[in-house]
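So this one's target28.txt, compact mmCIF, C-alpha atoms:
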# COMPACT_ATOMS: atom_id res chain seq x y z
CA MET A 576 -18.07 -19.94 19.25
CA ARG A 577 -18.47 -16.60 17.48
CA GLU A 578 -15.67 -15.77 15.06
CA LYS A 579 -13.42 -12.77 15.78
CA ILE A 580 -11.33 -11.80 12.76
CA LEU A 581 -8.31 -9.53 12.37
CA VAL A 582 -7.41 -8.19 8.92
CA LEU A 583 -3.86 -6.84 9.02
CA GLY A 584 -3.03 -4.56 6.10
CA SER A 585 -6.69 -3.72 5.63
CA ASN A 586 -6.11 -0.56 3.57
CA GLY A 587 -4.58 -2.33 0.59
CA GLN A 588 -6.09 -3.47 -2.69
CA ILE A 589 -7.25 -6.81 -1.27
CA GLY A 590 -7.92 -5.68 2.29
CA THR A 591 -10.39 -2.94 1.43
CA GLU A 592 -12.70 -5.43 -0.27
CA LEU A 593 -12.03 -8.37 2.02
CA VAL A 594 -13.02 -6.43 5.15
CA THR A 595 -16.32 -5.44 3.54
CA ALA A 596 -17.05 -9.02 2.47
CA LEU A 597 -16.15 -10.50 5.86
CA ARG A 598 -18.28 -7.95 7.73
CA LYS A 599 -21.28 -8.90 5.62
CA ILE A 600 -20.77 -12.53 6.63
CA TYR A 601 -19.71 -12.26 10.28
CA GLY A 602 -21.05 -8.87 11.36
CA GLU A 603 -19.39 -5.47 11.47
CA ASP A 604 -18.29 -5.71 15.11
CA TYR A 605 -16.53 -9.03 14.61
CA VAL A 606 -14.09 -8.04 11.85
CA VAL A 607 -11.30 -5.72 13.00
CA ALA A 608 -9.56 -3.74 10.26
CA CYS A 609 -5.89 -3.01 11.07
CA ASP A 610 -3.31 -0.89 9.24
CA ILE A 611 -0.56 1.66 9.79
CA ARG A 612 -2.73 4.31 8.12
CA ARG A 613 -6.27 5.41 8.85
CA PRO A 614 -8.61 4.09 6.16
CA ASP A 615 -10.03 6.57 3.68
CA TYR A 616 -12.67 4.31 2.20
CA ASP A 617 -16.26 3.47 3.01
CA ILE A 618 -15.60 0.88 5.73
CA LYS A 619 -13.85 3.31 8.09
CA ASN A 620 -17.00 3.84 10.13
CA SER A 621 -18.59 0.43 9.63
CA GLY A 622 -16.64 -1.48 12.29
CA PRO A 623 -13.60 -1.47 14.58
CA PHE A 624 -10.25 -0.19 13.34
CA GLU A 625 -6.82 -0.38 14.99
CA PHE A 626 -3.52 1.25 14.08
CA VAL A 627 -1.03 -1.60 13.79
CA ASN A 628 2.45 -2.00 12.35
CA VAL A 629 3.03 -5.72 11.94
CA LEU A 630 6.75 -5.17 12.55
CA GLU A 631 6.06 -3.82 16.06
CA ARG A 632 5.72 -7.05 18.01
CA GLU A 633 4.50 -5.49 21.27
CA THR A 634 1.78 -3.44 19.59
CA LEU A 635 0.70 -6.48 17.63
CA ASN A 636 0.66 -8.52 20.83
CA THR A 637 -1.64 -5.93 22.43
CA ILE A 638 -4.11 -6.30 19.55
CA PHE A 639 -4.07 -10.10 19.80
CA GLN A 640 -4.55 -9.85 23.55
CA LYS A 641 -7.43 -7.39 23.19
CA TYR A 642 -9.41 -9.31 20.56
CA LYS A 643 -8.17 -12.91 20.89
CA PRO A 644 -8.92 -13.55 17.22
CA THR A 645 -10.14 -16.87 15.90
CA GLN A 646 -8.97 -15.95 12.38
CA VAL A 647 -6.21 -13.65 11.16
CA TYR A 648 -5.69 -12.43 7.60
CA LEU A 649 -2.18 -10.99 7.13
CA LEU A 650 -2.18 -8.84 3.98
CA ALA A 651 0.51 -6.26 4.83
CA ALA A 652 3.29 -6.41 2.21
CA LEU A 653 5.38 -4.48 -0.30
CA LEU A 654 4.58 -5.72 -3.81
CA SER A 655 6.86 -6.57 -6.71
CA ALA A 656 7.72 -3.26 -8.37
CA THR A 657 7.61 -1.27 -5.11
CA GLY A 658 9.72 -3.88 -3.36
CA GLU A 659 12.51 -3.55 -5.93
CA GLN A 660 12.84 0.12 -4.99
CA ASN A 661 13.52 -0.80 -1.33
CA PRO A 662 14.53 -4.48 -1.12
CA LYS A 663 15.55 -4.54 2.55
CA LEU A 664 12.29 -2.96 3.69
CA ALA A 665 10.34 -5.37 1.47
CA TRP A 666 12.12 -8.36 3.01
CA ASP A 667 11.64 -7.03 6.54
CA LEU A 668 7.93 -6.31 6.13
CA ASN A 669 7.05 -9.39 4.09
CA MET A 670 9.05 -11.85 6.24
CA ASN A 671 9.22 -10.55 9.80
CA GLY A 672 5.59 -9.43 9.73
CA LEU A 673 4.63 -13.00 8.88
CA LEU A 674 6.82 -14.50 11.60
CA ASN A 675 5.36 -12.12 14.20
CA VAL A 676 1.82 -13.18 13.28
CA LEU A 677 2.63 -16.91 13.20
CA GLU A 678 4.20 -16.72 16.66
CA LEU A 679 1.31 -14.76 18.19
CA ALA A 680 -1.22 -17.09 16.57
CA LEU A 681 0.38 -19.92 18.55
CA VAL A 682 0.41 -17.92 21.77
CA TYR A 683 -3.24 -16.92 21.51
CA LYS A 684 -4.40 -20.20 19.97
CA THR A 685 -5.76 -18.57 16.82
CA ALA A 686 -7.73 -21.23 14.93
CA LYS A 687 -6.79 -20.15 11.36
CA VAL A 688 -4.25 -17.84 9.73
CA TYR A 689 -4.41 -16.63 6.13
CA TRP A 690 -1.35 -15.28 4.34
CA PRO A 691 -1.25 -14.51 0.60
CA SER A 692 1.53 -15.66 -1.69
CA SER A 693 1.88 -14.79 -5.37
CA ILE A 694 2.83 -16.00 -8.83
CA ALA A 695 6.02 -14.03 -8.11
CA VAL A 696 7.37 -17.19 -6.42
CA PHE A 697 7.99 -18.55 -9.92
CA GLY A 698 11.01 -17.49 -11.94
CA PRO A 699 12.87 -17.72 -15.25
CA ASN A 700 13.25 -21.50 -15.08
CA SER A 701 9.69 -22.28 -13.98
CA PRO A 702 7.36 -23.70 -16.66
CA LYS A 703 5.52 -20.77 -18.25
CA VAL A 704 2.37 -22.46 -19.58
CA ASN A 705 -0.04 -24.04 -17.08
CA THR A 706 2.59 -23.66 -14.39
CA PRO A 707 2.09 -26.62 -12.04
CA GLN A 708 1.72 -26.56 -8.27
CA TYR A 709 5.11 -28.18 -7.82
CA CYS A 710 7.99 -27.17 -10.10
CA VAL A 711 11.26 -25.23 -10.20
CA MET A 712 10.81 -21.95 -8.31
CA ASP A 713 13.61 -19.42 -8.74
CA PRO A 714 12.14 -15.93 -8.15
CA ASN A 715 14.33 -13.00 -9.10
CA THR A 716 12.60 -10.20 -7.16
CA VAL A 717 12.75 -9.58 -3.42
CA TYR A 718 8.96 -9.83 -3.39
CA GLY A 719 9.05 -13.28 -4.96
CA ILE A 720 11.94 -14.41 -2.75
CA SER A 721 10.09 -13.31 0.39
CA LYS A 722 6.89 -14.99 -0.75
CA LEU A 723 8.69 -18.27 -1.45
CA ALA A 724 10.37 -18.13 1.96
CA GLY A 725 7.03 -17.28 3.54
CA GLU A 726 5.43 -20.34 1.96
CA ARG A 727 8.07 -22.50 3.60
CA TRP A 728 7.47 -20.88 6.98
CA CYS A 729 3.72 -21.41 6.68
CA GLU A 730 4.16 -25.10 5.94
CA TYR A 731 6.75 -25.39 8.73
CA TYR A 732 4.41 -23.91 11.34
CA ASN A 733 1.66 -26.27 10.20
CA GLN A 734 3.84 -29.38 10.33
CA LYS A 735 5.81 -28.43 13.45
CA TYR A 736 3.11 -26.83 15.58
CA GLY A 737 -0.18 -27.84 13.96
CA LEU A 738 -1.12 -24.23 13.13
CA ASP A 739 -3.90 -24.08 10.54
CA VAL A 740 -2.24 -21.79 7.99
CA ARG A 741 -3.80 -21.33 4.55
CA SER A 742 -2.52 -19.48 1.50
CA ILE A 743 -3.14 -18.68 -2.16
CA ARG A 744 -0.68 -17.70 -4.89
CA TYR A 745 -2.56 -14.74 -6.31
CA PRO A 746 -2.20 -13.83 -9.97
CA GLY A 747 -2.57 -10.18 -10.99
CA LEU A 748 -5.69 -8.77 -9.35
CA ILE A 749 -8.04 -6.34 -11.09
CA SER A 750 -10.50 -4.14 -9.21
CA TRP A 751 -12.42 -0.92 -9.77
CA LYS A 752 -12.81 -0.15 -6.05
CA ALA A 753 -9.27 0.39 -4.81
CA ALA A 754 -6.10 1.86 -6.27
CA PRO A 755 -3.38 -0.56 -7.41
CA GLY A 756 -0.65 -1.28 -4.91
CA GLY A 757 2.57 -1.15 -6.89
CA GLY A 758 2.58 -4.49 -8.69
CA THR A 759 3.83 -5.53 -12.11
CA THR A 760 0.32 -6.49 -13.24
CA ASP A 761 -1.17 -3.09 -12.36
CA TYR A 762 -1.32 -2.05 -16.02
CA ALA A 763 -4.52 -4.11 -16.18
CA ILE A 764 -6.15 -1.65 -13.77
CA HIS A 765 -4.70 1.59 -15.13
CA ILE A 766 -5.78 0.71 -18.66
CA PHE A 767 -9.46 0.85 -17.71
CA HIS A 768 -9.13 4.24 -16.00
CA ASP A 769 -7.27 5.75 -18.94
CA ALA A 770 -9.65 4.19 -21.46
CA LEU A 771 -12.54 6.08 -19.87
CA LYS A 772 -10.61 9.31 -19.21
CA LYS A 773 -8.79 9.77 -22.52
CA SER A 774 -9.52 6.75 -24.77
CA SER A 775 -5.84 5.78 -24.78
CA TYR A 776 -3.26 4.01 -22.64
CA ALA A 777 0.53 3.60 -22.78
CA SER A 778 1.37 0.11 -21.53
CA PHE A 779 4.64 -0.49 -19.69
CA LEU A 780 4.42 -4.18 -20.70
CA ASP A 781 4.92 -5.40 -24.26
CA ALA A 782 2.00 -6.33 -26.49
CA ASP A 783 2.62 -10.09 -26.24
CA THR A 784 3.27 -10.28 -22.48
CA GLU A 785 0.69 -12.80 -21.29
CA LEU A 786 0.14 -13.00 -17.53
CA PRO A 787 -2.37 -14.75 -15.26
CA MET A 788 -5.01 -12.35 -13.94
CA MET A 789 -8.12 -12.49 -11.79
CA TYR A 790 -11.05 -10.20 -11.09
CA MET A 791 -11.15 -9.12 -7.46
CA ASP A 792 -14.66 -10.50 -6.93
CA ASP A 793 -13.32 -13.97 -7.70
CA ALA A 794 -10.24 -13.45 -5.54
CA ILE A 795 -12.24 -12.41 -2.48
CA ARG A 796 -14.75 -15.21 -2.93
CA GLY A 797 -12.01 -17.80 -3.43
CA THR A 798 -10.09 -16.60 -0.39
CA ILE A 799 -13.12 -16.91 1.88
CA GLU A 800 -14.00 -20.29 0.37
CA LEU A 801 -10.51 -21.54 1.19
CA MET A 802 -10.79 -20.33 4.77
CA ASP A 803 -14.24 -21.91 5.11
CA ALA A 804 -13.13 -25.31 3.82
CA PRO A 805 -12.78 -28.09 6.43
CA SER A 806 -9.19 -28.47 7.56
CA GLU A 807 -9.03 -32.10 6.45
CA TYR A 808 -9.66 -30.98 2.85
CA ILE A 809 -6.58 -28.73 2.79
CA SER A 810 -3.72 -30.76 1.36
CA ILE A 811 -1.34 -27.86 0.66
CA ARG A 812 0.01 -25.78 3.53
CA SER A 813 2.56 -23.80 1.53
CA SER A 814 0.28 -22.01 -0.95
CA TYR A 815 -2.26 -23.03 -3.59
CA ASN A 816 -1.94 -22.17 -7.26
CA PHE A 817 -4.94 -20.00 -8.05
CA GLY A 818 -6.10 -19.43 -11.62
CA GLY A 819 -8.44 -16.97 -13.29
CA VAL A 820 -7.93 -15.75 -16.86
CA SER A 821 -4.73 -15.06 -18.82
CA PHE A 822 -4.32 -12.32 -21.44
CA THR A 823 -1.86 -9.88 -23.00
CA PRO A 824 -2.18 -6.06 -23.14
CA GLU A 825 -3.15 -6.42 -26.80
CA VAL A 826 -5.94 -8.89 -26.05
CA LEU A 827 -7.27 -6.76 -23.17
CA ALA A 828 -7.23 -3.66 -25.38
CA ALA A 829 -9.22 -5.48 -28.05
CA GLU A 830 -11.86 -6.35 -25.47
CA ILE A 831 -12.01 -2.74 -24.26
CA LYS A 832 -12.45 -1.52 -27.86
CA LYS A 833 -15.73 -3.45 -28.01
CA HIS A 834 -17.03 -0.90 -25.48
CA ILE A 835 -14.90 2.14 -26.45
CA PRO A 836 -14.30 1.85 -30.22
CA ASP A 837 -11.83 4.75 -30.45
CA PHE A 838 -9.58 3.39 -27.67
CA GLN A 839 -5.89 3.36 -28.65
CA LEU A 840 -3.10 1.33 -27.03
CA SER A 841 0.58 2.31 -27.20
CA TYR A 842 3.71 1.05 -25.48
CA THR A 843 6.57 2.51 -23.49
CA ALA A 844 10.07 1.08 -23.76
CA ASN A 845 12.61 -0.15 -21.21
CA ASP A 846 10.34 -0.29 -18.18
CA PRO A 847 11.94 -2.45 -15.43
CA ARG A 848 8.60 -4.14 -14.80
CA GLN A 849 8.91 -5.87 -18.17
CA LEU A 850 11.86 -7.91 -16.89
CA ILE A 851 9.82 -8.98 -13.88
CA ALA A 852 6.89 -9.99 -16.06
CA ASN A 853 9.18 -11.99 -18.36
CA SER A 854 10.06 -14.30 -15.46
CA TRP A 855 6.45 -15.03 -14.49
CA PRO A 856 4.00 -17.66 -15.81
CA SER A 857 1.61 -16.99 -18.66
CA SER A 858 -1.02 -19.35 -17.22
CA ILE A 859 -1.59 -21.34 -14.03
CA ASP A 860 -2.61 -24.93 -13.31
CA ASP A 861 -4.83 -24.75 -10.22
CA ALA A 862 -6.04 -28.37 -10.21
CA PHE A 863 -5.27 -28.80 -6.50
CA ALA A 864 -7.52 -25.88 -5.57
CA THR A 865 -10.28 -27.29 -7.74
CA LYS A 866 -9.93 -30.74 -6.19
CA ASP A 867 -9.49 -29.72 -2.54
CA TRP A 868 -12.03 -26.91 -2.13
CA ALA A 869 -13.92 -26.81 -5.43
CA TRP A 870 -12.39 -23.57 -6.69
CA LYS A 871 -13.86 -22.22 -9.92
CA PRO A 872 -13.60 -18.64 -11.25
CA GLN A 873 -16.80 -16.90 -12.37
CA PHE A 874 -15.34 -13.99 -14.38
CA ASP A 875 -13.85 -14.46 -17.84
CA LEU A 876 -12.26 -11.59 -19.78
CA ALA A 877 -15.49 -10.36 -21.36
CA LYS A 878 -17.48 -10.38 -18.11
CA MET A 879 -14.66 -8.71 -16.20
CA THR A 880 -14.23 -5.96 -18.79
CA THR A 881 -17.93 -5.14 -18.83
CA ASP A 882 -18.12 -5.03 -15.03
CA MET A 883 -14.97 -2.88 -14.70
CA LEU A 884 -16.13 -0.27 -17.21
CA ASP A 885 -19.68 -0.13 -15.88
CA ASN A 886 -18.56 0.37 -12.29
CA LEU A 887 -15.84 2.89 -13.12
CA LYS A 888 -18.34 4.97 -15.10
CA ASN A 889 -20.62 5.07 -12.09
CA LYS A 890 -17.71 5.82 -9.76
Once more with this new file: its structure as structure tokens, please.
Amino acid sequence: MREKILVLGSNGQIGTELVTALRKIYGEDYVVACDIRRPDYDIKNSGPFEFVNVLERETLNTIFQKYKPTQVYLLAALLSATGEQNPKLAWDLNMNGLLNVLELALVYKTAKVYWPSSIAVFGPNSPKVNTPQYCVMDPNTVYGISKLAGERWCEYYNQKYGLDVRSIRYPGLISWKAAPGGGTTDYAIHIFHDALKKSSYASFLDADTELPMMYMDDAIRGTIELMDAPSEYISIRSSYNFGGVSFTPEVLAAEIKKHIPDFQLSYTANDPRQLIANSWPSSIDDAFATKDWAWKPQFDLAKMTTDMLDNLKNK
């Protein structure tokens, strides 16, 4: 049977690149981009698009009924820093949007559902170095709380109803194609833009704040590899730890200086995102992903930095 795929929240940092990748694999007519805003990027005329608010159950039902998707990617969410500005909206969107999709996936017998989690599920008492798949999880942001609750719902729907739900705990994601979406790790995107524009950047995170990161090319590839893996290989139905490369602002700046020698890094004080970052891991143990579906990142810090700067110059 031919796949029919819905990507809900297609205008975001992940969605813009995921839609393009999926259309290359499955064909432009078989990947439906969905969002509450019309896309303003290069895929807007390359395949079907639907206006959808994942909180509007009837509208969402109409889309499921129209396309009867075999796969659904639910990417619509408010991220960490943005979510702290409007906690109730963040909870509503991140939680009730998921529940709407899980319910409709059962009704329309959708074969597979993808929903992203985050390293934000970890908290102050989680191990910071090589954070394991299973450990204390005490998130202190509404984004992290909603993602942890969402993980439990995903596993529940798999165990209770047999729904094939799959998920990844994304680290900070770095891309040259789309604008950042309001996350705590977004400094690692802004720094490249400012390095090229003015050879300087003021970081809102401290020099020694080490966080797990990943280049978007790896994230998109890993996501599709997870969805392509045979169901019997998937041992985790909450969300997989997903590792790339960890670094601090100081280390990233040193790598950028290899390409832009006069680049200068400074720091701003008392940014609320620093407190969020302090509660997150510095590195991730993704052994389960490696074992279950052979996950392996391809971009280290040097390769990522070169690719980011080269593409941003051309852009």
Residues within 12 Å of (-5.1, -2.2, -3.9), file coordinates, counting all atoms listed in the file: what are they? Give the list as a ChimeraX atom specification.
/A:584-593,616,650-654,747-758,760-761,764-765,791
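Of the residues under consideration (A:Ala686, A:Ile580, A:Met712, A:Ala877), A:Ile580 shows the shortest atom-to-atom contact distance to Ile600 (chain A) when counting only C-alpha atoms.
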How close does region 778-890 of chain A get to region 697-710 of chain A? List, as JSON lines, each residue of region 778-890 of chain A within 6 Å, its nearest atom pair and the distance in Å to one decimal, counting all atoms listed in the file.
{"residue": "A:Asn816", "atom": "CA", "partner": "A:Gln708", "partner_atom": "CA", "distance": 5.8}
{"residue": "A:Ser854", "atom": "CA", "partner": "A:Pro699", "partner_atom": "CA", "distance": 4.4}
{"residue": "A:Trp855", "atom": "CA", "partner": "A:Gly698", "partner_atom": "CA", "distance": 5.8}
{"residue": "A:Pro856", "atom": "CA", "partner": "A:Lys703", "partner_atom": "CA", "distance": 4.2}
{"residue": "A:Ser857", "atom": "CA", "partner": "A:Lys703", "partner_atom": "CA", "distance": 5.5}
{"residue": "A:Ser858", "atom": "CA", "partner": "A:Asn705", "partner_atom": "CA", "distance": 4.8}
{"residue": "A:Ile859", "atom": "CA", "partner": "A:Asn705", "partner_atom": "CA", "distance": 4.4}
{"residue": "A:Asp860", "atom": "CA", "partner": "A:Asn705", "partner_atom": "CA", "distance": 4.6}
Kindly save the residues from that selection, with C-alpha atoms included, as a compact mmCIF listing (two decimals), keeping the file's coordinate frame.
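Result went into out-v6.txt, see below:
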# COMPACT_ATOMS: atom_id res chain seq x y z
CA ASN A 816 -1.94 -22.17 -7.26
CA SER A 854 10.06 -14.30 -15.46
CA TRP A 855 6.45 -15.03 -14.49
CA PRO A 856 4.00 -17.66 -15.81
CA SER A 857 1.61 -16.99 -18.66
CA SER A 858 -1.02 -19.35 -17.22
CA ILE A 859 -1.59 -21.34 -14.03
CA ASP A 860 -2.61 -24.93 -13.31
Pick out the residues sitting within 9 Å of Ala665 (chain A), and hand them over as a CSV table (one decimal) with C-alpha atoms, in the frame of the given file; count only C-alpha atoms, and ignore anything fewer than 5 positions along from it in its own chain.
chain,number,residue,atom,x,y,z
A,652,ALA,CA,3.3,-6.4,2.2
A,653,LEU,CA,5.4,-4.5,-0.3
A,654,LEU,CA,4.6,-5.7,-3.8
A,655,SER,CA,6.9,-6.6,-6.7
A,657,THR,CA,7.6,-1.3,-5.1
A,658,GLY,CA,9.7,-3.9,-3.4
A,659,GLU,CA,12.5,-3.6,-5.9
A,660,GLN,CA,12.8,0.1,-5.0
A,670,MET,CA,9.0,-11.8,6.2
A,717,VAL,CA,12.8,-9.6,-3.4
A,718,TYR,CA,9.0,-9.8,-3.4
A,721,SER,CA,10.1,-13.3,0.4
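Proximity of A:Ile743, A:Leu850, A:Ile766, A:Leu876 to Met789 (chain A), computed with only C-alpha atoms, is greatest for A:Leu876.
Checking A:Ile795, A:Ala770, A:Leu581, A:Leu887 one by one against His834 (chain A), counting all atoms listed in the file, you find the shortest gap at A:Ala770.
In terms of minimum interatomic distance to Lys871 (chain A), A:Ala794 ranks closest within A:Met788, A:Ala852, A:Ala794, A:Ala844, counting only C-alpha atoms.
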Kindly give the distance, in Å, that separates CA of Val676 (chain A) and CA of Val688 (chain A), rounded to a single decimal.
8.4 Å
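Ranking A:Glu603, A:Ala695, A:Pro614, A:Val629 by their shortest atom-to-atom distance to Asp713 (chain A), with all atoms listed in the file included, puts A:Ala695 first.
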